[in-house]
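Novice: Dropping in start.csv, with CSV, C-alpha atoms.
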```csv
chain,number,residue,atom,x,y,z
A,200,MET,CA,148.9,73.9,226.5
A,201,ASN,CA,150.2,76.9,228.4
A,202,GLN,CA,153.3,78.6,227.1
A,203,PRO,CA,156.1,79.0,229.5
A,204,VAL,CA,156.2,82.5,231.0
A,205,ARG,CA,159.4,84.4,230.2
A,206,VAL,CA,160.6,86.9,232.7
A,207,LYS,CA,162.6,90.0,231.8
A,208,THR,CA,164.8,91.8,234.3
A,209,LEU,CA,165.5,95.5,233.9
A,210,LYS,CA,166.1,98.7,235.8
A,211,ILE,CA,163.6,101.5,236.4
A,212,ASP,CA,165.0,104.6,238.0
A,213,ASP,CA,168.1,102.5,239.0
A,214,ARG,CA,165.9,100.0,240.8
A,215,ASP,CA,166.1,96.3,239.8
A,216,VAL,CA,162.7,95.1,238.7
A,217,SER,CA,161.3,92.2,236.7
A,218,GLY,CA,158.2,91.7,234.5
A,219,ARG,CA,156.6,89.2,232.1
A,220,GLU,CA,157.8,89.6,228.5
A,221,ASP,CA,154.3,90.7,227.4
A,222,GLU,CA,154.1,93.4,230.0
A,223,THR,CA,154.7,97.1,229.3
A,224,ILE,CA,157.1,99.5,231.2
A,225,LEU,CA,154.0,101.2,232.7
A,226,GLU,CA,152.6,98.0,234.1
A,227,VAL,CA,155.9,96.9,235.6
A,228,ALA,CA,156.5,100.4,237.0
A,229,ARG,CA,153.0,100.4,238.6
A,230,GLN,CA,153.5,96.9,240.1
A,231,ASN,CA,156.7,98.4,241.8
A,232,GLY,CA,155.0,101.5,243.0
A,233,ILE,CA,156.8,103.8,240.5
A,234,PHE,CA,154.6,106.7,239.4
A,235,ILE,CA,154.4,107.5,235.7
A,236,PRO,CA,151.7,110.1,234.8
A,237,THR,CA,149.0,109.0,232.3
A,238,LEU,CA,145.8,110.4,230.9
A,239,CYS,CA,144.7,108.3,227.9
A,240,ASN,CA,145.6,105.1,229.6
A,241,LEU,CA,143.0,103.2,231.7
A,242,GLU,CA,143.3,99.7,233.1
A,243,GLY,CA,140.9,97.4,231.2
A,244,LEU,CA,141.2,99.3,227.9
A,245,THR,CA,143.7,98.8,225.0
A,246,PRO,CA,146.7,101.2,225.6
A,247,ILE,CA,147.2,103.5,222.6
A,248,GLY,CA,150.0,105.9,223.6
A,249,ALA,CA,148.1,108.9,222.5
A,250,CYS,CA,148.5,111.5,225.3
A,251,ARG,CA,152.3,111.2,225.5
A,252,LEU,CA,152.3,111.9,229.3
A,253,CYS,CA,153.9,108.6,230.1
A,254,LEU,CA,157.0,109.3,228.0
A,255,VAL,CA,160.1,107.7,229.5
A,256,GLU,CA,163.8,107.8,228.8
A,257,ILE,CA,165.6,104.5,227.9
A,258,LYS,CA,169.3,104.3,228.0
A,259,GLY,CA,170.8,103.9,224.5
A,260,VAL,CA,167.6,105.1,222.8
A,261,SER,CA,167.6,108.7,221.6
A,262,ARG,CA,163.8,109.1,221.4
A,263,LEU,CA,161.5,109.3,224.3
A,264,LEU,CA,159.1,106.3,224.3
A,265,PRO,CA,155.6,106.0,225.8
A,266,ALA,CA,155.7,103.6,228.7
A,267,CYS,CA,152.1,102.4,228.2
A,268,VAL,CA,152.9,100.7,224.8
A,269,THR,CA,156.6,99.9,225.2
A,270,ARG,CA,157.2,96.3,226.2
A,271,VAL,CA,159.9,95.5,228.8
A,272,GLU,CA,163.1,94.0,227.5
A,273,GLU,CA,166.0,92.3,229.1
A,274,GLY,CA,168.6,94.7,230.5
A,275,MET,CA,166.6,97.8,229.8
A,276,GLU,CA,167.5,100.9,231.8
A,277,VAL,CA,164.4,103.1,232.1
A,278,TYR,CA,164.3,106.6,233.7
A,279,THR,CA,160.9,108.1,234.5
A,280,GLN,CA,161.6,111.3,236.4
A,281,SER,CA,164.4,113.2,234.6
A,282,GLU,CA,164.2,117.0,234.2
A,283,ARG,CA,163.8,116.6,230.4
A,284,LEU,CA,160.8,114.4,230.9
A,285,GLN,CA,159.2,116.7,233.4
A,286,LYS,CA,159.7,119.6,230.9
A,287,TYR,CA,158.0,117.6,228.1
A,288,ARG,CA,155.2,116.4,230.3
A,289,ARG,CA,154.3,119.9,231.4
A,290,MET,CA,154.5,121.0,227.8
A,291,VAL,CA,152.0,118.3,226.7
A,292,LEU,CA,149.7,119.3,229.5
A,293,GLU,CA,149.9,123.0,228.6
A,294,LEU,CA,149.1,122.2,225.0
A,295,LEU,CA,146.1,120.2,226.2
A,296,PHE,CA,144.8,123.1,228.3
A,297,SER,CA,145.4,125.7,225.5
A,298,GLU,CA,143.7,123.6,222.8
A,299,ARG,CA,140.1,123.9,224.1
A,300,ASN,CA,138.2,125.9,226.7
A,301,HIS,CA,138.9,124.3,230.0
A,302,ILE,CA,137.4,126.6,232.6
A,303,CYS,CA,137.9,124.6,235.8
A,304,SER,CA,135.9,127.0,238.0
A,305,VAL,CA,132.6,126.4,236.1
A,306,CYS,CA,133.2,122.7,235.2
A,307,VAL,CA,130.9,120.0,236.5
A,308,VAL,CA,133.8,117.8,237.6
A,309,ASN,CA,135.9,120.6,239.2
A,310,GLY,CA,137.9,118.8,242.0
A,311,HIS,CA,137.4,115.3,240.4
A,312,CYS,CA,139.1,115.9,237.1
A,313,GLU,CA,142.2,113.9,236.0
A,314,LEU,CA,143.5,116.8,233.8
A,315,GLN,CA,143.2,119.3,236.6
A,316,ASN,CA,144.8,116.9,239.1
A,317,MET,CA,147.6,116.2,236.6
A,318,ALA,CA,148.4,119.9,236.3
A,319,GLN,CA,148.8,120.0,240.1
A,320,ILE,CA,150.8,116.8,240.3
A,321,LEU,CA,153.2,118.0,237.6
A,322,GLY,CA,153.5,121.5,239.1
A,323,MET,CA,152.0,123.4,236.2
A,324,THR,CA,150.8,126.8,237.5
A,325,HIS,CA,150.0,128.4,234.1
A,326,VAL,CA,149.9,127.8,230.4
A,327,SER,CA,152.9,129.4,228.6
A,328,VAL,CA,151.5,129.1,225.1
A,329,PRO,CA,148.6,131.3,223.8
A,330,TYR,CA,145.1,129.9,224.3
A,331,ARG,CA,143.2,129.1,221.1
A,332,PHE,CA,139.6,129.7,222.4
A,333,PRO,CA,137.9,127.6,219.7
A,334,ARG,CA,134.1,127.8,219.3
A,335,LEU,CA,132.8,124.3,220.1
A,336,PRO,CA,129.3,122.9,220.6
A,337,VAL,CA,127.7,121.2,223.6
A,338,ASP,CA,125.4,118.3,222.7
A,339,ALA,CA,122.7,117.8,225.3
A,340,SER,CA,120.3,115.9,223.0
A,341,HIS,CA,120.7,112.6,224.9
A,342,GLU,CA,118.1,111.8,227.5
A,343,ARG,CA,120.6,111.2,230.3
A,344,PHE,CA,124.1,112.4,229.2
A,345,VAL,CA,125.8,115.5,227.8
A,346,VAL,CA,129.0,115.9,225.7
A,347,ASP,CA,130.8,119.2,226.1
A,348,HIS,CA,133.5,119.4,223.4
A,349,ASN,CA,135.1,122.3,225.3
A,350,ARG,CA,136.5,119.9,227.9
A,351,CYS,CA,137.4,117.0,225.7
A,352,ILE,CA,141.1,116.0,225.5
A,353,LEU,CA,140.7,113.4,222.8
A,354,CYS,CA,142.0,110.6,225.0
A,355,THR,CA,139.4,108.3,223.3
A,356,ARG,CA,138.7,106.4,226.4
A,357,CYS,CA,135.0,106.7,225.5
A,358,VAL,CA,135.6,105.4,222.0
A,359,ARG,CA,137.5,102.4,223.4
A,360,VAL,CA,135.2,101.5,226.2
A,361,CYS,CA,132.2,101.6,223.9
A,362,ASP,CA,133.9,99.4,221.3
A,363,GLU,CA,135.9,97.0,223.5
A,364,ILE,CA,133.7,96.6,226.6
A,365,GLU,CA,130.1,97.6,225.7
A,366,GLY,CA,130.5,96.3,222.1
A,367,ALA,CA,128.3,99.1,220.7
A,368,HIS,CA,130.9,101.3,219.0
A,369,THR,CA,128.7,104.4,219.1
A,370,TRP,CA,131.7,106.7,219.6
A,371,ASP,CA,134.4,107.5,217.1
A,372,VAL,CA,136.8,110.3,216.1
A,373,MET,CA,136.2,112.7,213.2
A,374,GLY,CA,138.6,115.2,211.6
A,375,ARG,CA,142.4,115.5,211.9
A,376,GLY,CA,144.9,116.9,214.3
A,377,ILE,CA,143.7,119.9,216.3
A,378,ASP,CA,140.3,119.8,214.6
A,379,SER,CA,139.6,116.2,215.7
A,380,ARG,CA,136.4,115.7,217.6
A,381,VAL,CA,134.7,112.7,219.2
A,382,ILE,CA,131.4,111.9,217.5
A,383,THR,CA,128.4,109.5,218.1
A,384,ASP,CA,127.5,107.3,215.1
A,385,LEU,CA,128.0,109.3,211.9
A,386,SER,CA,128.3,112.6,213.7
A,387,GLN,CA,124.6,112.7,214.6
A,388,PRO,CA,123.2,114.2,217.8
A,389,TRP,CA,123.8,111.7,220.6
A,390,GLY,CA,120.1,111.7,221.4
A,391,GLU,CA,119.4,110.3,217.9
A,392,SER,CA,122.0,107.6,218.1
A,393,GLU,CA,120.6,104.2,217.2
A,394,THR,CA,123.6,102.3,218.5
A,395,CYS,CA,123.9,103.9,222.0
A,396,THR,CA,122.7,101.6,224.7
A,397,SER,CA,122.7,104.4,227.3
A,398,CYS,CA,125.0,102.2,229.5
A,399,GLY,CA,127.0,105.2,230.7
A,400,LYS,CA,130.4,103.5,230.5
A,401,CYS,CA,131.8,106.3,228.4
A,402,VAL,CA,130.7,108.9,230.9
A,403,ASN,CA,132.3,107.1,233.7
A,404,VAL,CA,135.7,106.6,232.0
A,405,CYS,CA,135.9,110.2,230.8
A,406,PRO,CA,138.8,111.8,232.6
A,407,THR,CA,137.4,115.3,232.4
A,408,GLY,CA,134.0,117.0,232.4
A,409,ALA,CA,133.5,116.4,228.6
A,410,LEU,CA,131.0,113.6,229.3
A,411,PHE,CA,128.7,113.9,232.2
A,412,GLU,CA,125.3,112.8,233.5
A,413,LYS,CA,122.3,115.2,233.6
A,414,GLY,CA,120.3,116.0,236.6
A,415,LYS,CA,122.8,115.2,239.3
A,416,PRO,CA,124.4,117.6,241.7
A,417,VAL,CA,128.0,118.3,241.0
A,418,SER,CA,129.1,116.6,244.2
A,419,GLU,CA,127.5,113.3,243.0
A,420,ARG,CA,129.2,113.5,239.6
A,421,LEU,CA,132.1,111.3,240.7
A,422,LYS,CA,133.1,108.9,238.0
A,423,LYS,CA,133.0,105.2,238.7
A,424,ARG,CA,135.8,103.3,237.1
A,425,GLN,CA,136.1,100.2,239.3
A,426,PHE,CA,133.8,98.2,236.9
A,427,LEU,CA,136.4,98.1,234.1
A,428,PRO,CA,139.1,95.8,235.3
A,429,TYR,CA,136.4,93.7,236.8
A,430,LEU,CA,134.5,93.3,233.6
A,431,THR,CA,137.6,92.4,231.6
A,432,MET,CA,138.8,89.9,234.2
A,433,MET,CA,135.4,88.1,234.2
A,434,ARG,CA,135.5,87.9,230.4
A,435,GLU,CA,139.0,86.6,230.2
A,436,GLU,CA,138.2,83.9,232.8
A,437,ARG,CA,135.2,82.8,230.8
A,438,ARG,CA,137.2,82.4,227.6
B,280,MET,CA,164.6,146.8,257.6
B,281,SER,CA,162.1,149.0,255.9
B,282,LYS,CA,158.7,147.7,255.2
B,283,LYS,CA,157.9,146.2,251.8
B,284,ARG,CA,155.4,148.1,249.6
B,285,ILE,CA,152.5,145.9,248.3
B,286,ALA,CA,149.6,146.7,246.1
B,287,THR,CA,146.6,144.9,244.7
B,288,VAL,CA,144.9,145.6,241.3
B,289,TRP,CA,141.5,144.6,240.1
B,290,LEU,CA,141.0,144.0,236.3
B,291,ASP,CA,138.3,141.9,234.7
B,292,GLY,CA,137.4,139.7,237.7
B,293,CYS,CA,134.5,139.3,240.2
B,294,SER,CA,136.5,140.6,243.2
B,295,GLY,CA,136.3,137.1,244.7
B,296,CYS,CA,140.1,137.0,245.0
B,297,HIS,CA,140.0,140.3,246.9
B,298,MET,CA,137.3,138.9,249.2
B,299,SER,CA,139.6,135.8,249.8
B,300,PHE,CA,142.4,138.3,250.5
B,301,LEU,CA,140.2,139.9,253.2
B,302,ASP,CA,139.4,136.4,254.5
B,303,MET,CA,142.9,136.2,255.9
B,304,ASP,CA,141.3,137.9,258.9
B,305,GLU,CA,143.6,138.4,261.8
B,306,ARG,CA,146.6,137.2,259.7
B,307,LEU,CA,146.2,140.5,257.8
B,308,ILE,CA,147.8,142.1,260.9
B,309,GLU,CA,150.7,139.8,260.5
B,310,VAL,CA,151.1,140.7,256.8
B,311,PHE,CA,150.8,144.4,257.4
B,312,GLN,CA,153.5,144.3,260.1
B,313,GLN,CA,155.9,143.4,257.3
B,314,ALA,CA,154.3,145.5,254.5
B,315,ASP,CA,152.4,148.6,253.7
B,316,LEU,CA,149.4,148.5,251.4
B,317,VAL,CA,150.2,151.3,249.0
B,318,TYR,CA,147.4,150.8,246.5
B,319,SER,CA,144.3,148.7,246.3
B,320,PRO,CA,140.5,148.8,245.6
B,321,LEU,CA,140.3,148.2,249.3
B,322,VAL,CA,141.9,151.6,250.1
B,323,ASP,CA,141.0,155.1,248.8
B,324,LEU,CA,143.9,155.9,246.5
B,325,LYS,CA,143.5,157.2,243.0
B,326,GLU,CA,147.0,156.9,241.5
B,327,PHE,CA,149.1,153.7,241.3
B,328,PRO,CA,152.4,154.7,243.1
B,329,GLU,CA,156.0,154.3,241.9
B,330,GLU,CA,158.3,151.6,243.2
B,331,VAL,CA,156.0,148.9,244.5
B,332,ASP,CA,157.6,145.6,245.7
B,333,ILE,CA,154.8,143.2,245.2
B,334,THR,CA,151.6,143.6,243.2
B,335,LEU,CA,148.7,141.1,243.2
B,336,VAL,CA,146.7,141.4,240.0
B,337,GLU,CA,143.2,140.0,240.0
B,338,GLY,CA,141.2,139.5,236.8
B,339,ALA,CA,141.9,139.0,233.1
B,340,VAL,CA,143.1,141.7,230.7
B,341,SER,CA,139.8,142.5,229.0
B,342,SER,CA,139.5,146.2,228.1
B,343,GLU,CA,141.6,149.1,226.8
B,344,GLU,CA,141.8,150.4,230.3
B,345,ASP,CA,143.0,147.0,231.6
B,346,LEU,CA,145.8,147.0,229.0
B,347,HIS,CA,146.9,150.5,230.0
B,348,LYS,CA,146.7,149.8,233.7
B,349,ILE,CA,148.6,146.5,233.6
B,350,ARG,CA,151.5,148.0,231.5
B,351,MET,CA,151.8,150.8,234.0
B,352,VAL,CA,151.6,148.4,237.0
B,353,ARG,CA,154.3,146.2,235.4
B,354,GLU,CA,156.6,149.2,235.0
B,355,ARG,CA,156.3,150.2,238.6
B,356,THR,CA,156.4,146.8,240.2
B,357,LYS,CA,159.3,144.5,241.2
B,358,ILE,CA,157.3,141.2,241.6
B,359,LEU,CA,154.1,140.9,239.7
B,360,VAL,CA,151.7,138.2,240.9
B,361,ALA,CA,148.9,136.8,238.7
B,362,PHE,CA,146.3,136.4,241.5
B,363,GLY,CA,143.6,133.9,240.9
B,364,ASP,CA,142.3,132.0,237.8
B,365,CYS,CA,141.1,135.0,235.8
B,366,ALA,CA,144.6,136.5,235.9
B,367,VAL,CA,146.3,133.1,235.4
B,368,THR,CA,144.1,131.5,232.7
B,369,GLY,CA,141.5,134.0,231.6
B,370,ASN,CA,138.8,131.9,233.4
B,371,VAL,CA,135.2,133.1,233.2
B,372,PRO,CA,135.9,136.5,231.4
B,373,SER,CA,137.5,134.4,228.6
B,374,MET,CA,134.3,132.5,228.0
B,375,ARG,CA,133.3,135.4,225.7
B,376,ASN,CA,136.4,134.8,223.5
B,377,PRO,CA,134.9,132.1,221.2
B,378,PHE,CA,132.0,134.4,220.3
B,379,GLY,CA,133.8,137.7,219.7
B,380,VAL,CA,133.1,141.1,221.2
B,381,ASN,CA,130.2,142.1,218.9
B,382,ALA,CA,128.1,139.1,219.6
B,383,VAL,CA,128.6,139.5,223.3
B,384,LEU,CA,127.7,143.2,223.3
B,385,GLN,CA,124.7,142.5,221.1
B,386,ARG,CA,123.5,139.8,223.5
B,387,ALA,CA,124.0,141.9,226.7
B,388,TYR,CA,122.9,145.4,225.6
B,389,LEU,CA,120.5,144.8,222.7
B,390,GLU,CA,118.8,141.4,222.7
B,391,ASN,CA,118.1,141.1,226.4
B,392,VAL,CA,117.1,144.8,227.0
B,393,THR,CA,113.6,146.2,226.7
B,394,LEU,CA,114.2,149.8,227.7
B,395,HIS,CA,116.5,152.0,225.5
B,396,PRO,CA,118.7,149.2,224.1
B,397,GLN,CA,122.1,150.7,223.2
B,398,VAL,CA,125.7,149.5,223.3
B,399,PRO,CA,127.7,151.9,225.6
B,400,ARG,CA,130.4,153.7,223.6
B,401,GLU,CA,131.4,156.5,226.0
B,402,VAL,CA,132.9,156.6,229.5
B,403,ILE,CA,133.1,152.8,229.7
B,404,PRO,CA,136.4,151.5,228.2
B,405,ALA,CA,136.1,149.5,225.0
B,406,LEU,CA,136.5,145.7,225.2
B,407,ILE,CA,139.6,144.3,223.5
B,408,GLU,CA,139.2,141.4,221.0
B,409,LYS,CA,139.9,138.7,223.6
B,410,ALA,CA,140.0,138.5,227.4
B,411,ARG,CA,143.6,137.4,228.1
B,412,PRO,CA,145.5,136.0,231.0
B,413,VAL,CA,147.9,138.6,232.4
B,414,HIS,CA,151.1,136.8,231.4
B,415,GLU,CA,150.1,137.0,227.7
B,416,VAL,CA,150.3,140.8,228.0
B,417,VAL,CA,153.2,141.5,230.4
B,418,LYS,CA,155.8,139.4,232.2
B,419,VAL,CA,154.4,137.7,235.4
B,420,ASP,CA,156.7,136.5,238.1
B,421,VAL,CA,154.4,134.4,240.3
B,422,PHE,CA,151.2,132.5,239.5
B,423,ILE,CA,148.6,131.8,242.2
B,424,PRO,CA,145.9,129.6,240.6
B,425,GLY,CA,142.5,129.2,242.3
B,426,CYS,CA,139.0,130.5,241.9
B,427,PRO,CA,139.5,132.1,244.3
B,428,PRO,CA,142.7,131.0,245.9
B,429,SER,CA,142.0,130.3,249.6
B,430,ALA,CA,143.0,132.8,252.3
B,431,GLU,CA,145.5,130.2,253.5
B,432,THR,CA,147.0,129.9,250.0
B,433,ILE,CA,147.3,133.7,249.8
B,434,PHE,CA,148.8,134.0,253.2
B,435,LEU,CA,151.4,131.4,252.6
B,436,ALA,CA,152.3,132.8,249.2
B,437,LEU,CA,152.6,136.4,250.6
B,438,SER,CA,154.6,135.2,253.6
B,439,ASP,CA,157.1,133.6,251.2
B,440,LEU,CA,157.3,136.6,248.9
B,441,LEU,CA,157.7,139.0,251.9
B,442,ALA,CA,160.6,136.8,253.1
B,443,ASP,CA,162.2,137.0,249.5
B,444,ARG,CA,161.4,133.3,248.8
B,445,MET,CA,159.6,132.0,245.7
B,446,PRO,CA,156.4,130.1,246.9
B,447,ASP,CA,155.8,126.6,245.5
B,448,MET,CA,152.2,127.1,244.3
B,449,ALA,CA,151.5,123.7,242.9
B,450,LYS,CA,151.6,122.3,246.5
B,451,LEU,CA,149.1,124.9,247.8
B,452,THR,CA,146.4,125.3,245.1
B,453,ARG,CA,145.2,124.4,241.7
B,454,PHE,CA,143.1,125.8,238.8
B,455,GLY,CA,139.4,126.1,239.9
B,456,ALA,CA,140.3,125.5,243.6
```
Take the structure I supplied and represent it as structure tokens, if you would.
Specialist:
Amino acid sequence: MNQPVRVKTLKIDDRDVSGREDETILEVARQNGIFIPTLCNLEGLTPIGACRLCLVEIKGVSRLLPACVTRVEEGMEVYTQSERLQKYRRMVLELLFSERNHICSVCVVNGHCELQNMAQILGMTHVSVPYRFPRLPVDASHERFVVDHNRCILCTRCVRVCDEIEGAHTWDVMGRGIDSRVITDLSQPWGESETCTSCGKCVNVCPTGALFEKGKPVSERLKKRQFLPYLTMMREERR
Amino acid sequence: MSKKRIATVWLDGCSGCHMSFLDMDERLIEVFQQADLVYSPLVDLKEFPEEVDITLVEGAVSSEEDLHKIRMVRERTKILVAFGDCAVTGNVPSMRNPFGVNAVLQRAYLENVTLHPQVPREVIPALIEKARPVHEVVKVDVFIPGCPPSAETIFLALSDLLADRMPDMAKLTRFGA
């Protein structure tokens, strides 16, 4: 028997909105055309609140909370665009840029990159912290795909899509903090992975040029993400 | 009203930003009705002059000479503009940073050379440890990202600066544009 759907009413940026009790602030904001920036979030994958770009202010709560994993509650007053938030979001972005070697002008997804777009949307014109310039490998051992760790922002979309949608769990994360890195199987070269099905889902959900397809001109390296919500919807209906 | 004095400087870059500057075509006339170009690789002047209003700096800070030059330029300039991705982010010149100076010189002057392999030690200024964006060395007032920024972007930014307004660069350009 279906459970009755409970509806919560709240305010986002002083606008009255409502959402189902199991929905997040991000979902309700998007349904109402309110923009909250995200990078690790992708419709169809489990939200994990990792990138911290979707931080919002909630009246009466001193901490900033990630909109993608915070459920709506009755009477909540959410603010998404305060100066404080803009400052922190730009700081998060600057740290992402400074951590690895993001050289947009020589990147295969220059012009189609979510990180690059986000910098423009949030008005970030330079990185005010010192760049780290770590020495990172590029793994081109796979027949069709390449992983360039210089451009990875550890959003783990590849890890989640491989586990949750493809069911292969080839990708994972190794190491801690700033030294974390995405790996295939037990940190073997991707080309030697026994679990990888070469489906390409990870490549298509990657927001940057960290994962890309070989042998294609840059202009054709557009990532296709429409399949994700469609696949999850089909599965849920079958259940 | 007296004309503003503008200058352009070329550090470790490919000159693409200067090419884009020239791409302003007939709008250059409009710019130079309001300003004099007092120093630039595009004109034959040896000394960077005193009291410059706006200086566009192309390229990353990569050698001892770049360091010396950018400090002097900063001292003599009111508004210093990081002009293009190399100046703003380090860009392509900074791709040597993860490897270190020695490995790079080794590769360029010894491993890939058949005739008289030798690392130049005279006349050419020594490379510093890392190629750095300009703002990591001196204070920068305006950032124009882009590799290179389009002529349109440069024109709009310059027009604002010449009219004593701060240009909103995020609307006009992005990294790698």
Novice: So that I can check the surroundings of range 363-366 of chain B, please list as a list of chain:residue names every protein, DNA and RNA residue that reaches within 6 Å of it, counting all atoms listed in the file and ignoring chain neighbours fewer than 3 positions away.
Specialist: B:Glu337, B:Gly338, B:Ala339, B:Gly369, B:Asn370, B:Pro412, B:Val413, B:Ile423, B:Pro424, B:Gly425, B:Cys426, B:Pro427, B:Pro428
Novice: So which residues are close to (148.7, 139.8, 248.4), meaning at most 9 Å away in the file's coordinates with all atoms listed in the file counted, and can you show them as a ChimeraX atom specification?
Specialist: /B:285-287,297,300,310,333-336,360,362,433-434,436-437
Novice: I'd like a table as JSON lines: residues in chain B with an atom no more than 8 Å from chain A, each row giving the shortest atom pair and its distance in Å to one decimal, all atoms listed in the file counted, sorted by chain and rising residue number.
Specialist:
```
{"residue": "B:Val367", "atom": "CA", "partner": "A:His325", "partner_atom": "CA", "distance": 6.1}
{"residue": "B:Thr368", "atom": "CA", "partner": "A:His325", "partner_atom": "CA", "distance": 6.8}
{"residue": "B:Asn370", "atom": "CA", "partner": "A:Ile302", "partner_atom": "CA", "distance": 5.5}
{"residue": "B:Val371", "atom": "CA", "partner": "A:Ile302", "partner_atom": "CA", "distance": 6.9}
{"residue": "B:Met374", "atom": "CA", "partner": "A:Asn300", "partner_atom": "CA", "distance": 7.8}
{"residue": "B:Asn376", "atom": "CA", "partner": "A:Phe332", "partner_atom": "CA", "distance": 6.1}
{"residue": "B:Pro377", "atom": "CA", "partner": "A:Arg334", "partner_atom": "CA", "distance": 4.8}
{"residue": "B:Phe378", "atom": "CA", "partner": "A:Arg334", "partner_atom": "CA", "distance": 7.0}
{"residue": "B:Glu415", "atom": "CA", "partner": "A:Pro329", "partner_atom": "CA", "distance": 7.1}
{"residue": "B:Phe422", "atom": "CA", "partner": "A:Thr324", "partner_atom": "CA", "distance": 6.1}
{"residue": "B:Ile423", "atom": "CA", "partner": "A:Thr324", "partner_atom": "CA", "distance": 7.2}
{"residue": "B:Pro424", "atom": "CA", "partner": "A:Thr324", "partner_atom": "CA", "distance": 6.4}
{"residue": "B:Cys426", "atom": "CA", "partner": "A:Ser304", "partner_atom": "CA", "distance": 6.1}
{"residue": "B:Met448", "atom": "CA", "partner": "A:Thr324", "partner_atom": "CA", "distance": 6.9}
{"residue": "B:Ala449", "atom": "CA", "partner": "A:Gly322", "partner_atom": "CA", "distance": 4.8}
{"residue": "B:Lys450", "atom": "CA", "partner": "A:Gln319", "partner_atom": "CA", "distance": 7.4}
{"residue": "B:Thr452", "atom": "CA", "partner": "A:Gln319", "partner_atom": "CA", "distance": 7.7}
{"residue": "B:Arg453", "atom": "CA", "partner": "A:Gln319", "partner_atom": "CA", "distance": 5.9}
{"residue": "B:Phe454", "atom": "CA", "partner": "A:Cys303", "partner_atom": "CA", "distance": 6.1}
{"residue": "B:Gly455", "atom": "CA", "partner": "A:Ser304", "partner_atom": "CA", "distance": 4.1}
{"residue": "B:Ala456", "atom": "CA", "partner": "A:Ser304", "partner_atom": "CA", "distance": 7.3}
```
Novice: Find the distance between CA of Gly292 in chain B and CA of Pro372 in chain B and write it in Å to one decimal.
Specialist: 7.2 Å
Novice: Residues at most 9 Å from Leu314 in chain A, counting only C-alpha atoms, excluding those fewer than 6 positions away in the same chain, as a list in words?
Specialist: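 Residues near the query, excluding close chain neighbours: Leu238, Leu292, Leu295, Phe296, Ile352, Pro406 and Thr407 of chain A.
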Novice: Suppose we keep C-alpha atoms; can you now write the selection as a PDB file, in the coordinates of the input?
Specialist:
```pdb
ATOM      1  CA  LEU A 238     145.800 110.400 230.900  1.00  0.00           C
ATOM      2  CA  LEU A 292     149.700 119.300 229.500  1.00  0.00           C
ATOM      3  CA  LEU A 295     146.100 120.200 226.200  1.00  0.00           C
ATOM      4  CA  PHE A 296     144.800 123.100 228.300  1.00  0.00           C
ATOM      5  CA  ILE A 352     141.100 116.000 225.500  1.00  0.00           C
ATOM      6  CA  PRO A 406     138.800 111.800 232.600  1.00  0.00           C
ATOM      7  CA  THR A 407     137.400 115.300 232.400  1.00  0.00           C
TER       8      THR A 407
END
```
Novice: I'd like the interatomic distance between CA of Leu421 in chain A and CA of Val307 in chain A, to a tenth of an Å.
Specialist: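 Calculated distance between CA of Leu421 in chain A and CA of Val307 in chain A is 9.7 Å.
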Novice: Rounded to one decimal, what separation in Å do you get between CA of Arg219 in chain A and CA of Arg251 in chain A?
Specialist: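 Taking CA of Arg219 in chain A as the start and CA of Arg251 in chain A as the end point, the length is 23.4 Å.
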